[in-house]
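Visitor: File name query33.txt; file contents compact mmCIF, C-alpha atoms; full text below.
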# COMPACT_ATOMS: atom_id res chain seq x y z
CA MET B 38 -4.01 6.25 26.02
CA LYS B 39 -3.17 3.00 24.20
CA PRO B 40 -5.11 1.99 21.06
CA VAL B 41 -8.11 -0.31 20.97
CA ALA B 42 -7.63 -2.91 18.23
CA TYR B 43 -10.85 -3.81 16.39
CA TYR B 44 -11.28 -7.02 14.40
CA ASN B 45 -13.86 -8.87 12.37
CA PRO B 46 -14.44 -12.28 14.01
CA VAL B 47 -15.50 -13.99 10.78
CA GLU B 48 -12.19 -13.25 9.04
CA PHE B 49 -8.88 -15.08 9.30
CA THR B 50 -6.32 -12.27 9.19
CA SER B 51 -8.15 -9.51 11.06
CA PRO B 52 -8.32 -11.27 14.48
CA LYS B 53 -4.72 -12.47 14.55
CA VAL B 54 -3.28 -9.12 13.50
CA ALA B 55 -5.47 -7.22 15.97
CA TYR B 56 -4.44 -9.56 18.78
CA ALA B 57 -0.74 -9.19 17.95
CA PHE B 58 -0.98 -5.40 17.74
CA ALA B 59 -2.89 -5.12 21.03
CA LYS B 60 -0.35 -7.32 22.81
CA GLY B 61 2.56 -5.46 21.29
CA CYS B 62 1.36 -2.00 22.28
CA GLY B 63 -0.25 -2.91 25.61
CA GLY B 64 -3.68 -1.97 24.32
CA THR B 65 -6.98 -3.82 24.22
CA ILE B 66 -8.85 -5.80 21.60
CA THR B 67 -12.53 -6.04 20.70
CA ASP B 68 -14.88 -7.35 18.03
CA GLU B 69 -17.52 -4.77 18.89
CA SER B 70 -18.84 -2.61 16.06
CA GLU B 71 -18.86 0.62 18.07
CA LEU B 72 -15.95 2.83 19.05
CA PHE B 73 -14.52 2.91 22.54
CA PRO B 74 -12.55 5.90 23.86
CA GLY B 75 -9.01 6.38 22.60
CA PRO B 76 -6.96 5.71 19.48
CA VAL B 77 -8.21 3.17 16.95
CA ALA B 78 -6.26 0.31 15.38
CA LEU B 79 -7.67 -2.06 12.80
CA PHE B 80 -6.91 -4.24 9.83
CA GLY B 81 -8.35 -2.92 6.59
CA SER B 82 -11.48 -5.08 6.73
CA PRO B 83 -14.45 -3.69 4.78
CA ALA B 84 -16.72 -4.64 7.72
CA ARG B 85 -14.72 -2.38 10.04
CA TRP B 86 -14.37 0.52 7.60
CA PRO B 87 -17.27 2.47 9.20
CA LEU B 88 -15.31 2.51 12.48
CA LEU B 89 -12.29 3.89 10.68
CA ARG B 90 -14.36 6.60 8.99
CA GLN B 91 -15.91 7.55 12.33
CA ALA B 92 -12.50 7.75 14.00
CA GLN B 93 -11.21 9.96 11.21
CA ALA B 94 -14.26 12.22 11.40
CA GLU B 95 -13.75 12.60 15.16
CA GLY B 96 -10.09 13.50 14.71
CA ARG B 97 -8.84 10.47 16.59
CA GLU B 98 -5.43 8.92 16.21
CA TRP B 99 -5.72 5.83 14.01
CA PHE B 100 -3.44 2.97 13.10
CA TYR B 101 -4.09 1.25 9.80
CA ILE B 102 -2.94 -2.34 9.27
CA ASP B 103 -2.94 -4.14 5.95
CA HIS B 104 -1.04 -6.62 3.85
CA ALA B 105 2.62 -5.75 3.32
CA TYR B 106 4.30 -3.80 0.56
CA PHE B 107 6.54 -6.84 -0.03
CA MET B 108 6.35 -10.52 0.93
CA ARG B 109 2.62 -10.42 1.51
CA GLY B 110 1.29 -13.17 3.73
CA LYS B 111 4.32 -13.11 6.01
CA TYR B 112 4.55 -9.38 6.69
CA TYR B 113 1.99 -6.66 7.45
CA ARG B 114 2.29 -2.92 7.09
CA ILE B 115 1.15 -0.54 9.83
CA THR B 116 0.86 3.23 9.52
CA ARG B 117 -0.23 5.97 11.87
CA ASN B 118 -2.91 8.35 10.57
CA ALA B 119 -2.22 7.19 7.00
CA TYR B 120 -3.19 4.32 4.73
CA GLN B 121 0.36 3.84 3.48
CA HIS B 122 3.83 5.03 4.42
CA ASP B 123 5.25 7.86 2.31
CA GLY B 124 8.65 6.19 2.01
CA LEU B 125 10.46 9.17 3.50
CA GLY B 126 13.18 8.64 6.06
CA GLU B 127 16.45 6.77 6.38
CA SER B 128 17.14 3.06 6.14
CA THR B 129 20.12 0.75 6.29
CA GLY B 130 18.48 -1.31 3.57
CA GLU B 131 19.15 -4.54 5.43
CA ARG B 132 15.53 -5.69 5.58
CA LEU B 133 14.96 -5.15 1.87
CA LYS B 134 18.20 -6.96 1.05
CA GLY B 135 17.02 -9.84 3.21
CA PHE B 136 14.15 -10.44 0.80
CA ARG B 137 16.34 -12.45 -1.52
CA ARG B 138 13.63 -12.96 -4.11
CA LEU B 139 13.51 -9.21 -4.68
CA HIS B 140 15.96 -7.15 -6.65
CA ILE B 141 15.93 -3.69 -8.22
CA ASP B 142 16.34 -3.63 -11.99
CA PRO B 143 17.68 -0.71 -14.06
CA TRP B 144 15.09 1.71 -15.37
CA HIS B 145 13.19 0.81 -18.53
CA THR B 146 13.26 3.73 -20.95
CA SER B 147 11.25 1.98 -23.65
CA GLY B 148 8.19 -0.23 -23.76
CA SER B 149 5.32 -1.27 -25.98
CA HIS B 150 2.40 -1.05 -23.56
CA VAL B 151 0.97 0.82 -20.58
CA LEU B 152 -0.03 -1.54 -17.78
CA VAL B 153 -3.15 -0.47 -15.88
CA CYS B 154 -3.64 -2.26 -12.53
CA PRO B 155 -6.95 -1.39 -10.85
CA ASN B 156 -7.63 -2.21 -7.22
CA SER B 157 -10.52 -4.54 -6.44
CA ALA B 158 -14.08 -3.31 -6.81
CA ILE B 159 -14.55 -3.69 -3.04
CA TYR B 160 -11.51 -1.53 -2.28
CA PHE B 161 -12.59 1.14 -4.75
CA GLY B 162 -16.01 1.12 -3.15
CA LEU B 163 -14.51 1.87 0.26
CA HIS B 164 -13.14 5.08 -1.24
CA GLY B 165 -16.40 5.94 -2.96
CA ILE B 166 -15.17 5.02 -6.45
CA ASP B 167 -16.86 2.82 -9.04
CA ALA B 168 -14.19 0.41 -10.32
CA ASP B 169 -15.64 0.06 -13.82
CA GLN B 170 -16.01 3.80 -14.27
CA TRP B 171 -12.48 4.38 -12.97
CA LEU B 172 -11.12 2.05 -15.63
CA VAL B 173 -13.24 3.67 -18.35
CA ASP B 174 -12.01 7.13 -17.36
CA VAL B 175 -8.36 6.08 -17.12
CA THR B 176 -8.45 4.27 -20.45
CA LYS B 177 -10.16 7.20 -22.16
CA THR B 178 -7.59 9.65 -20.82
CA LEU B 179 -4.64 7.45 -21.74
CA ARG B 180 -5.95 7.01 -25.26
CA GLN B 181 -5.86 10.79 -25.69
CA TYR B 182 -2.14 10.94 -24.93
CA THR B 183 -0.56 7.70 -26.12
CA ASP B 184 -0.80 5.24 -29.00
CA ARG B 185 0.77 2.43 -26.97
CA GLU B 186 -1.24 -0.67 -26.16
CA ILE B 187 -3.23 -0.34 -22.94
CA ARG B 188 -3.10 -3.61 -21.02
CA VAL B 189 -5.31 -4.16 -17.96
CA ARG B 190 -4.32 -6.48 -15.15
CA TRP B 191 -6.85 -7.11 -12.37
CA LYS B 192 -5.77 -8.26 -8.94
CA VAL B 193 -7.58 -11.60 -9.36
CA GLN B 194 -5.19 -12.47 -12.18
CA MET B 195 -2.25 -12.78 -9.78
CA ASN B 196 -2.86 -16.53 -9.50
CA ASP B 197 -2.97 -16.97 -13.27
CA ARG B 198 0.33 -15.39 -14.22
CA PRO B 199 3.17 -13.51 -12.49
CA ILE B 200 3.07 -9.74 -12.76
CA ALA B 201 6.62 -9.93 -14.15
CA GLU B 202 5.12 -11.16 -17.42
CA ASP B 203 3.02 -8.01 -17.75
CA LEU B 204 5.85 -5.75 -16.63
CA ALA B 205 8.14 -7.09 -19.33
CA ASP B 206 8.37 -4.44 -22.06
CA ALA B 207 5.97 -2.15 -20.14
CA TRP B 208 6.38 1.58 -20.69
CA ALA B 209 4.65 2.53 -17.42
CA VAL B 210 2.32 1.20 -14.71
CA VAL B 211 -0.90 3.08 -13.89
CA VAL B 212 -2.60 2.44 -10.53
CA PHE B 213 -4.97 3.98 -8.03
CA SER B 214 -3.10 2.72 -4.97
CA SER B 215 -2.18 -0.84 -5.96
CA ALA B 216 1.08 -2.46 -4.83
CA ALA B 217 1.60 -3.20 -8.53
CA ALA B 218 3.27 0.23 -8.68
CA LEU B 219 5.92 -1.05 -6.26
CA ASP B 220 6.38 -4.17 -8.39
CA GLY B 221 6.89 -1.85 -11.31
CA LEU B 222 9.42 0.30 -9.49
CA MET B 223 11.36 -2.82 -8.53
CA ALA B 224 11.31 -3.93 -12.16
CA GLY B 225 12.45 -0.54 -13.43
CA VAL B 226 9.04 0.48 -14.81
CA PRO B 227 7.94 4.05 -13.94
CA CYS B 228 4.58 4.56 -12.28
CA PHE B 229 1.57 6.84 -12.46
CA THR B 230 -0.32 6.80 -9.15
CA LEU B 231 -3.74 8.45 -8.88
CA ALA B 232 -4.48 8.08 -5.14
CA PRO B 233 -2.81 10.93 -3.22
CA PHE B 234 -2.33 8.72 -0.14
CA ALA B 235 -0.52 5.88 -1.92
CA ALA B 236 3.12 5.21 -1.07
CA SER B 237 4.19 5.29 -4.71
CA VAL B 238 2.66 8.70 -5.48
CA ARG B 239 5.89 10.65 -4.92
CA MET B 240 7.91 8.18 -6.96
CA GLY B 241 6.08 8.87 -10.20
CA ARG B 242 3.53 11.15 -11.76
CA SER B 243 -0.22 11.53 -11.22
CA ASP B 244 -1.12 13.41 -14.40
CA LEU B 245 -1.97 10.93 -17.14
CA SER B 246 -1.51 13.60 -19.79
CA GLN B 247 2.21 13.13 -19.09
CA ILE B 248 2.14 9.39 -19.84
CA GLU B 249 4.78 9.86 -22.53
CA GLU B 250 7.02 11.68 -20.04
CA PRO B 251 7.48 9.30 -17.09
CA PHE B 252 9.46 10.24 -13.99
CA TYR B 253 12.56 8.21 -13.16
CA PRO B 254 13.46 9.06 -9.54
CA ASP B 255 17.04 8.42 -8.46
CA ASP B 256 16.21 7.35 -4.88
CA ARG B 257 14.25 4.17 -5.59
CA GLU B 258 16.38 1.94 -3.37
CA ARG B 259 16.10 4.20 -0.34
CA PHE B 260 12.35 4.58 -0.85
CA LEU B 261 11.78 0.84 -1.17
CA SER B 262 14.05 0.17 1.80
CA VAL B 263 12.05 2.53 4.02
CA LEU B 264 8.84 0.75 3.04
CA ALA B 265 10.42 -2.62 3.84
CA ASP B 266 11.37 -1.27 7.28
CA ASN B 267 7.76 -0.33 7.94
CA GLN B 268 6.27 -3.79 7.69
CA TRP B 269 6.53 -6.56 10.26
CA THR B 270 5.82 -10.23 10.87
CA ILE B 271 3.11 -11.27 13.30
CA GLN B 272 5.79 -12.21 15.84
CA GLU B 273 7.49 -8.82 15.52
CA ILE B 274 4.14 -7.07 15.99
CA LEU B 275 3.37 -9.29 18.96
CA LYS B 276 6.70 -8.45 20.61
CA GLY B 277 6.12 -4.71 20.26
CA GLN B 278 8.70 -4.07 17.56
CA ALA B 279 6.18 -2.41 15.27
CA TRP B 280 4.75 -0.29 18.09
CA ARG B 281 8.19 0.95 19.14
CA ALA B 282 9.02 1.84 15.55
CA LEU B 283 5.77 3.77 15.19
CA GLN B 284 6.46 5.69 18.39
CA ASP B 285 10.03 6.46 17.29
CA GLU B 286 8.60 7.91 14.08
CA VAL B 287 6.30 10.17 16.10
CA ARG B 288 9.24 11.40 18.18
CA ARG B 289 11.34 12.10 15.10
CA ALA B 290 8.53 14.14 13.59
CA ALA B 291 8.01 16.19 16.77
Here is a file; write its structure as C-alpha cells.
Guide:
Amino acid sequence: MKPVAYYNPVEFTSPKVAYAFAKGCGGTITDESELFPGPVALFGSPARWPLLRQAQAEGREWFYIDHAYFMRGKYYRITRNAYQHDGLGESTGERLKGFRRLHIDPWHTSGSHVLVCPNSAIYFGLHGIDADQWLVDVTKTLRQYTDREIRVRWKVQMNDRPIAEDLADAWAVVVFSSAAALDGLMAGVPCFTLAPFAASVRMGRSDLSQIEEPFYPDDRERFLSVLADNQWTIQEILKGQAWRALQDEVRRAA
C-alpha cells in the first residue's frame, strides 16, 4: 500500500512537499487531521505531530520529511521510520561535491569555547523536553567537566551572524539534534549529540563528562556524503527519485 501524505494547509512548505511526495510515490494526499489506512508520510509540522505519534504507536510505516541536512530551502530530507538518516552506507560523494559552498576542513584539536546549539523551544516540546531546562542541565553538566567558555547559539541567531563565526576556535559543538553538529563536522569541530535518533550521534560522543575527550572519526567525508545523497529537491521528489532511493534502501536492508 502506498503512503498517504498529510499536510497542514496553513503552511507554505508542508503542502508543496506533501504534494511532491504523493506524486512521486503514486500515493495520495490529504489535509485531514485523522489517519487513513496505510503508511504515513508528512513534513515535520507541529500541527501534524499527533498523526505521526499515532502512526508510530500503531506500528505503521512512516516517512518523515524535513528541511535538508545541507542547502536548506532547496533540498529536503526524507527518512523511513526515522527522524534522520544514520549516515551509514556507500556514496560516490558526487552530490556533496556539487555543493560548492561546502568543504570539509581538517579537525580542530584545540579551541577556547564549547558551542551549545539548542533546537527551538517548539521542537523540544514535540519531544517532551523543556528547552530552558535542557540548557540549564547541559550547562551545569559541562561546567563540572570543563573550564572552557560555554557559548550558546540559538537557531534564531542564524540571521544575525554566520555559524562559522561561532565555530571558529570552538573546542566542540553540543546539540540535541540540531544540524549545527553537521556544520561543526564540516568545519572540523567534534560534536556531542544528545538525541539518540540524530544523524550526528555516531560521529561524536553523547556523554558530556567526556567533553575534554572529543571523538574525531576518520570517515567524516563518507558520512556527510551519504547524508547529502539522502536529500532531494522538490522536482526530484516529484519525479519519484526520492521514493525509488527509499525503496532501494529497504531492499538493501532485507
Visitor: Measuring between only C-alpha atoms, which one of B:Pro199, B:Phe260, B:Phe213, B:Ala207 shows the shortest distance to His145 (chain B)?
Guide: B:Ala207
Visitor: Under the rule that all atoms listed in the file are counted, which of B:Glu69, B:Asp169, B:Glu127, B:Glu48 is the nearest residue to Glu258 (chain B)?
Guide: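 Between B:Glu69, B:Asp169, B:Glu127, B:Glu48, the residue approaching Glu258 (chain B) most closely is B:Glu127.
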Visitor: Could you give me, as a PyMOL selection string, the residues within 8 Å of Tyr43 (chain B), counting all atoms listed in the file and dropping anything in the same chain fewer than 3 positions from it?
Guide: chain B and resi 55+66-69+77-80+85
Visitor: Need to verify the contact set: region 279-287 of chain B, 7 Å, all atoms listed in the file, exclusion of same-chain residues closer than 6 positions in sequence. Can you return it as a list in words?
Guide: Gly61, Cys62, Trp269 and Glu273 of chain B
Visitor: Taking 4 positions as the minimum chain separation for residues in the same chain, which residues sit within 12 Å of Arg90 (chain B) when counting all atoms listed in the file? Answer as an MDAnalysis selection string.
Guide: chainID B and resid 71:72 77 79 81 83:86 94:99 101 118 163:164
Visitor: Need the neighbours of (15.8, 6.4, -8.8): which residues are at most 10 Å away, counting only C-alpha atoms, as a PyMOL selection string?
Guide: chain B and resi 143-144+222+225+227+240+252-260
Visitor: In terms of the shortest atom-to-atom distance over all atoms listed in the file, which of B:Leu125, B:Ala119, B:Ala57, B:Tyr113 is closest to Arg289 (chain B)?
Guide: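 Of B:Leu125, B:Ala119, B:Ala57, B:Tyr113, the one nearest Arg289 (chain B), counting all atoms listed in the file, is B:Leu125.
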Visitor: Show me, as a list in words, the residues that have an atom within 12 Å of Gln247 (chain B) when counting all atoms listed in the file, minus same-chain residues fewer than 3 positions from it.
Guide: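 After dropping sequence-adjacent residues, the list is Thr178, Leu179, Arg180, Gln181, Tyr182, Thr183, Ala209, Val211, Pro227, Cys228, Phe229, Gly241, Arg242, Ser243, Asp244, Glu250, Pro251 and Phe252 of chain B.
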Visitor: In Å, with one decimal, what is the gap from CA of Gln194 (chain B) to CA of Ala168 (chain B)?
Guide: 15.8 Å
Visitor: Measuring between all atoms listed in the file, which one of B:Ser246, B:Ser149, B:Ser262, B:Asn267 shows the shortest distance to Thr176 (chain B)?
Guide: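 Answer, going by the shortest atom-to-atom distance: B:Ser246.
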Visitor: Any idea what the distance is between CA of Pro233 (chain B) and CA of Ile141 (chain B)?
Guide: 24.3 Å
Visitor: Which residue out of B:His140, B:Lys60, B:Lys39, B:Arg109 has the minimum interatomic distance to Pro76 (chain B) when only C-alpha atoms are used?
Guide: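 Of B:His140, B:Lys60, B:Lys39, B:Arg109, the one nearest Pro76 (chain B), counting only C-alpha atoms, is B:Lys39.
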Visitor: Which residue out of B:Ala216, B:Ile102, B:Ala158, B:Leu275 has the minimum interatomic distance to Thr116 (chain B) when all atoms listed in the file are used?
Guide: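 Once distances to Thr116 (chain B) are computed over all atoms listed in the file, the minimum belongs to B:Ile102.
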Visitor: So what do you get for CA of Pro52 (chain B) versus CA of Tyr106 (chain B), distance-wise?
Guide: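 These two atoms are separated by 20.2 Å.
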Visitor: As a PDB file, keeping the file's coordinate frame, could you write out region 125-155 of chain B once it has been completed with N, CA and C atoms?
Guide:
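Below you can see out16.pdb, which holds the result:
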ATOM      1  N   LEU B 125       9.440   8.201   3.103  1.00  0.00           N
ATOM      2  CA  LEU B 125      10.460   9.170   3.500  1.00  0.00           C
ATOM      3  C   LEU B 125      11.182   8.674   4.742  1.00  0.00           C
ATOM      4  N   GLY B 126      12.407   9.054   4.897  1.00  0.00           N
ATOM      5  CA  GLY B 126      13.180   8.640   6.060  1.00  0.00           C
ATOM      6  C   GLY B 126      14.474   7.970   5.643  1.00  0.00           C
ATOM      7  N   GLU B 127      15.168   7.432   6.624  1.00  0.00           N
ATOM      8  CA  GLU B 127      16.450   6.770   6.380  1.00  0.00           C
ATOM      9  C   GLU B 127      16.310   5.275   6.616  1.00  0.00           C
ATOM     10  N   SER B 128      17.162   4.513   5.981  1.00  0.00           N
ATOM     11  CA  SER B 128      17.140   3.060   6.140  1.00  0.00           C
ATOM     12  C   SER B 128      18.531   2.504   5.863  1.00  0.00           C
ATOM     13  N   THR B 129      18.867   1.456   6.578  1.00  0.00           N
ATOM     14  CA  THR B 129      20.120   0.750   6.290  1.00  0.00           C
ATOM     15  C   THR B 129      19.979  -0.136   5.066  1.00  0.00           C
ATOM     16  N   GLY B 130      18.730  -0.453   4.710  1.00  0.00           N
ATOM     17  CA  GLY B 130      18.480  -1.310   3.570  1.00  0.00           C
ATOM     18  C   GLY B 130      18.591  -2.790   3.855  1.00  0.00           C
ATOM     19  N   GLU B 131      18.906  -3.129   5.102  1.00  0.00           N
ATOM     20  CA  GLU B 131      19.150  -4.540   5.430  1.00  0.00           C
ATOM     21  C   GLU B 131      17.890  -5.402   5.267  1.00  0.00           C
ATOM     22  N   ARG B 132      16.747  -4.872   5.689  1.00  0.00           N
ATOM     23  CA  ARG B 132      15.530  -5.690   5.580  1.00  0.00           C
ATOM     24  C   ARG B 132      15.193  -5.963   4.120  1.00  0.00           C
ATOM     25  N   LEU B 133      15.263  -4.947   3.288  1.00  0.00           N
ATOM     26  CA  LEU B 133      14.960  -5.150   1.870  1.00  0.00           C
ATOM     27  C   LEU B 133      15.931  -6.152   1.253  1.00  0.00           C
ATOM     28  N   LYS B 134      17.200  -6.032   1.587  1.00  0.00           N
ATOM     29  CA  LYS B 134      18.200  -6.960   1.050  1.00  0.00           C
ATOM     30  C   LYS B 134      17.947  -8.388   1.518  1.00  0.00           C
ATOM     31  N   GLY B 135      17.314  -8.516   2.687  1.00  0.00           N
ATOM     32  CA  GLY B 135      17.020  -9.840   3.210  1.00  0.00           C
ATOM     33  C   GLY B 135      15.924 -10.560   2.435  1.00  0.00           C
ATOM     34  N   PHE B 136      15.169  -9.821   1.655  1.00  0.00           N
ATOM     35  CA  PHE B 136      14.150 -10.440   0.800  1.00  0.00           C
ATOM     36  C   PHE B 136      14.838 -10.883  -0.483  1.00  0.00           C
ATOM     37  N   ARG B 137      15.431 -12.025  -0.450  1.00  0.00           N
ATOM     38  CA  ARG B 137      16.340 -12.450  -1.520  1.00  0.00           C
ATOM     39  C   ARG B 137      15.657 -12.650  -2.862  1.00  0.00           C
ATOM     40  N   ARG B 138      14.352 -12.811  -2.839  1.00  0.00           N
ATOM     41  CA  ARG B 138      13.630 -12.960  -4.110  1.00  0.00           C
ATOM     42  C   ARG B 138      13.459 -11.631  -4.827  1.00  0.00           C
ATOM     43  N   LEU B 139      13.724 -10.533  -4.114  1.00  0.00           N
ATOM     44  CA  LEU B 139      13.510  -9.210  -4.680  1.00  0.00           C
ATOM     45  C   LEU B 139      14.835  -8.584  -5.114  1.00  0.00           C
ATOM     46  N   HIS B 140      14.793  -7.925  -6.230  1.00  0.00           N
ATOM     47  CA  HIS B 140      15.960  -7.150  -6.650  1.00  0.00           C
ATOM     48  C   HIS B 140      15.477  -5.962  -7.478  1.00  0.00           C
ATOM     49  N   ILE B 141      16.295  -4.923  -7.526  1.00  0.00           N
ATOM     50  CA  ILE B 141      15.930  -3.690  -8.220  1.00  0.00           C
ATOM     51  C   ILE B 141      16.617  -3.652  -9.577  1.00  0.00           C
ATOM     52  N   ASP B 142      15.818  -3.634 -10.628  1.00  0.00           N
ATOM     53  CA  ASP B 142      16.340  -3.630 -11.990  1.00  0.00           C
ATOM     54  C   ASP B 142      16.617  -2.203 -12.462  1.00  0.00           C
ATOM     55  N   PRO B 143      17.478  -2.047 -13.460  1.00  0.00           N
ATOM     56  CA  PRO B 143      17.680  -0.710 -14.060  1.00  0.00           C
ATOM     57  C   PRO B 143      16.376  -0.195 -14.657  1.00  0.00           C
ATOM     58  N   TRP B 144      16.288   1.113 -14.797  1.00  0.00           N
ATOM     59  CA  TRP B 144      15.090   1.710 -15.370  1.00  0.00           C
ATOM     60  C   TRP B 144      14.856   1.263 -16.811  1.00  0.00           C
ATOM     61  N   HIS B 145      13.588   0.993 -17.143  1.00  0.00           N
ATOM     62  CA  HIS B 145      13.190   0.810 -18.530  1.00  0.00           C
ATOM     63  C   HIS B 145      12.972   2.199 -19.135  1.00  0.00           C
ATOM     64  N   THR B 146      13.526   2.453 -20.277  1.00  0.00           N
ATOM     65  CA  THR B 146      13.260   3.730 -20.950  1.00  0.00           C
ATOM     66  C   THR B 146      12.582   3.497 -22.299  1.00  0.00           C
ATOM     67  N   SER B 147      12.035   2.303 -22.455  1.00  0.00           N
ATOM     68  CA  SER B 147      11.250   1.980 -23.650  1.00  0.00           C
ATOM     69  C   SER B 147      10.175   0.987 -23.215  1.00  0.00           C
ATOM     70  N   GLY B 148       9.248   0.716 -24.089  1.00  0.00           N
ATOM     71  CA  GLY B 148       8.190  -0.230 -23.760  1.00  0.00           C
ATOM     72  C   GLY B 148       7.045  -0.125 -24.742  1.00  0.00           C
ATOM     73  N   SER B 149       6.371  -1.235 -24.963  1.00  0.00           N
ATOM     74  CA  SER B 149       5.320  -1.270 -25.980  1.00  0.00           C
ATOM     75  C   SER B 149       3.929  -1.014 -25.430  1.00  0.00           C
ATOM     76  N   HIS B 150       3.753  -1.186 -24.094  1.00  0.00           N
ATOM     77  CA  HIS B 150       2.400  -1.050 -23.560  1.00  0.00           C
ATOM     78  C   HIS B 150       2.390  -0.324 -22.219  1.00  0.00           C
ATOM     79  N   VAL B 151       1.229   0.225 -21.896  1.00  0.00           N
ATOM     80  CA  VAL B 151       0.970   0.820 -20.580  1.00  0.00           C
ATOM     81  C   VAL B 151       0.159  -0.203 -19.799  1.00  0.00           C
ATOM     82  N   LEU B 152       0.641  -0.545 -18.611  1.00  0.00           N
ATOM     83  CA  LEU B 152      -0.030  -1.540 -17.780  1.00  0.00           C
ATOM     84  C   LEU B 152      -0.899  -0.847 -16.745  1.00  0.00           C
ATOM     85  N   VAL B 153      -2.199  -1.063 -16.821  1.00  0.00           N
ATOM     86  CA  VAL B 153      -3.150  -0.470 -15.880  1.00  0.00           C
ATOM     87  C   VAL B 153      -3.556  -1.557 -14.878  1.00  0.00           C
ATOM     88  N   CYS B 154      -3.357  -1.281 -13.583  1.00  0.00           N
ATOM     89  CA  CYS B 154      -3.640  -2.260 -12.530  1.00  0.00           C
ATOM     90  C   CYS B 154      -4.649  -1.692 -11.543  1.00  0.00           C
ATOM     91  N   PRO B 155      -5.935  -1.903 -11.781  1.00  0.00           N
ATOM     92  CA  PRO B 155      -6.950  -1.390 -10.850  1.00  0.00           C
ATOM     93  C   PRO B 155      -6.925  -2.166  -9.532  1.00  0.00           C
TER      94      PRO B 155
END
